[in-house]
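Beneath this line is the structure, given in structure tokens, with notes to follow.
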Amino acid sequence: MNKADLGWHVSFEKAFEPFLNEEGFVAGRVSLEHKHMYRVQTEVGEVLAEVSGKMRHQALRREDYPAVGDWVVISIREGEQRAVVHAVLPRRSKFSRKVAGQVTEEQIVATNVDTVFLVNALNQDFNVRRIERYLVLAWESGANPVIVLSKSDLCENPDELAAEVAAVAIGVPIHIISSAENRGFDELAGYMTRGQTVALLGSSGVGKSTLVNRIYGRDILNTGDIRSGDDKGKHTTTHRELILLPDGGILIDTPGMRELQLWSASDGLSTSFQDIEEYAEQCFFQDCKHENEPKCAVKSALDSGALSAERFQNYLKLQKELAYLARKEDKGLQAAEKAKWKKIHQSLKSQPHR
């Protein structure tokens, strides 16, 4: 297997140039993340790697460490399937969310992804507002979103629900699939050509693991049942994993997300809600709050039904969430800067006096 099969891109060539003169340094792609350890795919096979002491010392935030999908610079120990990670090459795309809970910290879901399959089941758990949230982060990631509506055999009107999705996912491809009826899988094959990376994202129970098994050609992942009461699923995938397909292409499977909090997604918000922002540009007042101001284009669109109240309220909710996150992140950056200088001062103190 060569680097092209693993998703190597011309942009990585330039980033890797400074390491060409380092003896024994090669590039590999992270396929699985353990606690403080990484499985890395290379042209000479799979190795188990850990970050160097220097890299660990210089890292300030989670994004400074490798994640699944990253291309990393490693040195392989001769005669062993072990390696040391010295650097992470600049990411072409990055799908991130805020970690669950009260901590304001980034969780990188997958990197260097070309296409994101946003998988949503056409059952009782179907939710257009959740799809809007996924789209915001997908656009922000730099990858191309594709909406996959699964389990269409459990739905009486799949085309009607697909039309609802199309109304909020402007210009985004939508595919309806069913494992039980073997429907729609041929349409997805075109996204998984040699060297192309597709990440699967969605809630528990939407059928991501089943989808991976169908694409791969055999059962390589466990699948689970969903609860009969509300069609919510159980976690069958417990970690993020990069999977090389037999016929070319790369899949990144991810655990189901019960909680999807935004992370630094202002551009993604604008792209996902382009219709609302175009209405806002037509308002008479530039600082219009879309409440009681005269000549408000947004209010007019709401009154006429051209814009749904639910979509607009979700837009406001996500906007407030990002503003709150930005304030918290600013404090986090200040703390990280203090920690960096503390490390520098401690390092200087530990050096012997001359």
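Simple scheme: letters A, B, ... for chains in structure tokens order, numbers from 1 for residues in each chain, numbers from 1 for ligands in the order shown.
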Please report as a tab-separated table every residue of stretch 165-220 of chain A lying within 9 Å of stretch 141-147 of chain A, along with the nearest atom pair and their distance in Å (one decimal), using only C-alpha atoms.
```
residue	atom	partner	partner_atom	distance
A:Val165	CA	A:Ile147	CA	8.7
A:Ala169	CA	A:Ile147	CA	8.5
A:Val172	CA	A:Val146	CA	6.0
A:Pro173	CA	A:Val146	CA	5.2
A:Ile174	CA	A:Ile147	CA	4.8
A:His175	CA	A:Ile147	CA	6.3
A:Ile176	CA	A:Ile147	CA	8.6
```
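Of the listed residues (A:Arg56, A:Arg311, A:Arg214, A:Lys3), A:Lys3 comes nearest to A:Thr42; the distances count only C-alpha atoms.
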Suppose you want the space between atom CA of A:Arg29 and atom CA of A:Arg62; what is it in Å?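 Here the two named atoms are 17.8 Å from each other.
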Report as JSON, numbers by chain: the residues of stretch 10-239 of chain A with a DSSP assignment of strand (DSSP E), based on the backbone of this structure. {"A": [25, 26, 27, 28, 29, 30, 31, 32, 33, 38, 39, 40, 41, 42, 45, 46, 47, 48, 49, 50, 51, 71, 72, 73, 74, 75, 76, 82, 83, 84, 85, 86, 87, 88, 94, 95, 96, 97, 98, 106, 107, 108, 109, 110, 111, 115, 116, 117, 118, 119, 120, 121, 144, 145, 146, 147, 148, 149, 150, 174, 175, 176, 197, 198, 199, 200, 201]}
Taking the chain letters and numbering used in this document, name the residues of stretch 23-171 of chain A that DSSP puts in helix (DSSP H, G or I), as a tab-separated table (two decimals) with N, CA, C and O atoms, in the first residue's frame.
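Result went into selection31.tsv, see below:
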```
chain	number	residue	atom	x	y	z
A	53	GLY	N	8.62	13.13	23.65
A	53	GLY	CA	8.60	13.97	24.85
A	53	GLY	C	8.58	15.44	24.50
A	53	GLY	O	7.89	16.24	25.16
A	54	LYS	N	9.30	15.83	23.46
A	54	LYS	CA	9.33	17.23	23.03
A	54	LYS	C	7.96	17.70	22.58
A	54	LYS	O	7.51	18.80	22.94
A	55	MET	N	7.29	16.85	21.81
A	55	MET	CA	5.96	17.20	21.32
A	55	MET	C	4.97	17.33	22.47
A	55	MET	O	4.14	18.24	22.52
A	56	ARG	N	5.07	16.42	23.43
A	56	ARG	CA	4.17	16.46	24.58
A	56	ARG	C	4.42	17.73	25.41
A	56	ARG	O	3.49	18.35	25.93
A	57	HIS	N	5.68	18.11	25.53
A	57	HIS	CA	6.04	19.29	26.32
A	57	HIS	C	5.51	20.57	25.66
A	57	HIS	O	5.09	21.50	26.35
A	58	GLN	N	5.55	20.61	24.33
A	58	GLN	CA	5.15	21.81	23.62
A	58	GLN	C	3.64	21.92	23.41
A	58	GLN	O	3.12	22.98	23.11
A	62	ARG	N	-5.69	20.21	23.17
A	62	ARG	CA	-5.97	18.90	22.57
A	62	ARG	C	-5.65	18.88	21.08
A	62	ARG	O	-5.18	17.86	20.55
A	63	GLU	N	-5.88	19.97	20.38
A	63	GLU	CA	-5.66	19.99	18.95
A	63	GLU	C	-4.19	19.87	18.57
A	63	GLU	O	-3.86	19.64	17.41
A	64	ASP	N	-3.28	20.01	19.54
A	64	ASP	CA	-1.85	19.85	19.28
A	64	ASP	C	-1.43	18.38	19.21
A	64	ASP	O	-0.31	18.07	18.81
A	128	VAL	N	-35.22	17.30	12.08
A	128	VAL	CA	-34.64	18.27	11.13
A	128	VAL	C	-33.72	19.26	11.83
A	128	VAL	O	-32.68	19.66	11.29
A	129	ARG	N	-34.07	19.67	13.05
A	129	ARG	CA	-33.26	20.64	13.78
A	129	ARG	C	-31.88	20.06	14.10
A	129	ARG	O	-30.87	20.75	14.07
A	130	ARG	N	-31.83	18.76	14.40
A	130	ARG	CA	-30.54	18.12	14.65
A	130	ARG	C	-29.70	18.10	13.37
A	130	ARG	O	-28.49	18.29	13.40
A	131	ILE	N	-30.36	17.87	12.24
A	131	ILE	CA	-29.65	17.87	10.96
A	131	ILE	C	-29.04	19.24	10.70
A	131	ILE	O	-27.90	19.35	10.22
A	132	GLU	N	-29.77	20.30	11.03
A	132	GLU	CA	-29.23	21.65	10.87
A	132	GLU	C	-27.96	21.82	11.70
A	132	GLU	O	-26.97	22.41	11.25
A	133	ARG	N	-27.97	21.30	12.91
A	133	ARG	CA	-26.80	21.41	13.80
A	133	ARG	C	-25.60	20.65	13.20
A	133	ARG	O	-24.48	21.15	13.19
A	134	TYR	N	-25.85	19.45	12.71
A	134	TYR	CA	-24.78	18.68	12.08
A	134	TYR	C	-24.21	19.42	10.86
A	134	TYR	O	-23.00	19.42	10.62
A	135	LEU	N	-25.08	20.04	10.10
A	135	LEU	CA	-24.64	20.75	8.90
A	135	LEU	C	-23.72	21.92	9.24
A	135	LEU	O	-22.75	22.18	8.52
A	136	VAL	N	-24.02	22.62	10.33
A	136	VAL	CA	-23.17	23.75	10.74
A	136	VAL	C	-21.73	23.28	10.95
A	136	VAL	O	-20.78	23.88	10.43
A	137	LEU	N	-21.55	22.19	11.70
A	137	LEU	CA	-20.21	21.70	11.98
A	137	LEU	C	-19.58	21.05	10.75
A	137	LEU	O	-18.36	21.11	10.58
A	138	ALA	N	-20.40	20.44	9.91
A	138	ALA	CA	-19.85	19.83	8.69
A	138	ALA	C	-19.28	20.88	7.76
A	138	ALA	O	-18.18	20.74	7.23
A	139	TRP	N	-20.03	21.98	7.55
A	139	TRP	CA	-19.52	23.06	6.69
A	139	TRP	C	-18.28	23.69	7.30
A	139	TRP	O	-17.33	24.05	6.59
A	140	GLU	N	-18.26	23.83	8.61
A	140	GLU	CA	-17.11	24.44	9.28
A	140	GLU	C	-15.87	23.56	9.15
A	140	GLU	O	-14.75	24.06	9.13
A	141	SER	N	-16.05	22.27	9.05
A	141	SER	CA	-14.91	21.34	9.02
A	141	SER	C	-14.04	21.49	7.78
A	141	SER	O	-12.87	21.15	7.80
A	152	SER	N	-35.13	3.62	5.55
A	152	SER	CA	-36.32	4.12	4.86
A	152	SER	C	-37.46	3.10	4.87
A	152	SER	O	-38.62	3.46	4.68
A	153	ASP	N	-37.13	1.81	5.12
A	153	ASP	CA	-38.17	0.79	5.20
A	153	ASP	C	-39.06	0.96	6.43
A	153	ASP	O	-40.16	0.39	6.50
A	154	LEU	N	-38.60	1.75	7.41
A	154	LEU	CA	-39.38	2.00	8.62
A	154	LEU	C	-40.23	3.25	8.51
A	154	LEU	O	-40.87	3.67	9.48
A	158	PRO	N	-40.82	8.42	3.06
A	158	PRO	CA	-39.42	8.85	3.04
A	158	PRO	C	-39.16	10.05	2.13
A	158	PRO	O	-38.36	10.93	2.46
A	159	ASP	N	-39.86	10.11	0.99
A	159	ASP	CA	-39.63	11.22	0.06
A	159	ASP	C	-40.11	12.55	0.65
A	159	ASP	O	-39.50	13.60	0.41
A	160	GLU	N	-41.19	12.50	1.43
A	160	GLU	CA	-41.68	13.74	2.07
A	160	GLU	C	-40.69	14.24	3.11
A	160	GLU	O	-40.43	15.45	3.20
A	161	LEU	N	-40.13	13.32	3.91
A	161	LEU	CA	-39.14	13.73	4.91
A	161	LEU	C	-37.87	14.21	4.23
A	161	LEU	O	-37.21	15.15	4.71
A	162	ALA	N	-37.49	13.60	3.12
A	162	ALA	CA	-36.32	14.05	2.37
A	162	ALA	C	-36.53	15.47	1.85
A	162	ALA	O	-35.59	16.28	1.81
A	163	ALA	N	-37.76	15.79	1.47
A	163	ALA	CA	-38.07	17.15	1.01
A	163	ALA	C	-37.93	18.15	2.15
A	163	ALA	O	-37.47	19.28	1.94
A	164	GLU	N	-38.32	17.75	3.39
A	164	GLU	CA	-38.13	18.62	4.56
A	164	GLU	C	-36.64	18.91	4.77
A	164	GLU	O	-36.26	20.03	5.10
A	165	VAL	N	-35.83	17.87	4.62
A	165	VAL	CA	-34.39	18.03	4.79
A	165	VAL	C	-33.82	18.93	3.69
A	165	VAL	O	-33.00	19.82	3.95
A	166	ALA	N	-34.27	18.73	2.47
A	166	ALA	CA	-33.77	19.53	1.34
A	166	ALA	C	-34.05	21.01	1.54
A	166	ALA	O	-33.28	21.87	1.09
A	167	ALA	N	-35.14	21.32	2.23
A	167	ALA	CA	-35.51	22.73	2.46
A	167	ALA	C	-34.52	23.43	3.38
A	167	ALA	O	-34.39	24.66	3.32
A	168	VAL	N	-33.82	22.68	4.25
A	168	VAL	CA	-32.85	23.30	5.17
A	168	VAL	C	-31.41	22.99	4.78
A	168	VAL	O	-30.49	23.64	5.27
```
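Atom CA of A:Thr197 lies 7.4 Å from atom CA of A:Asn112.
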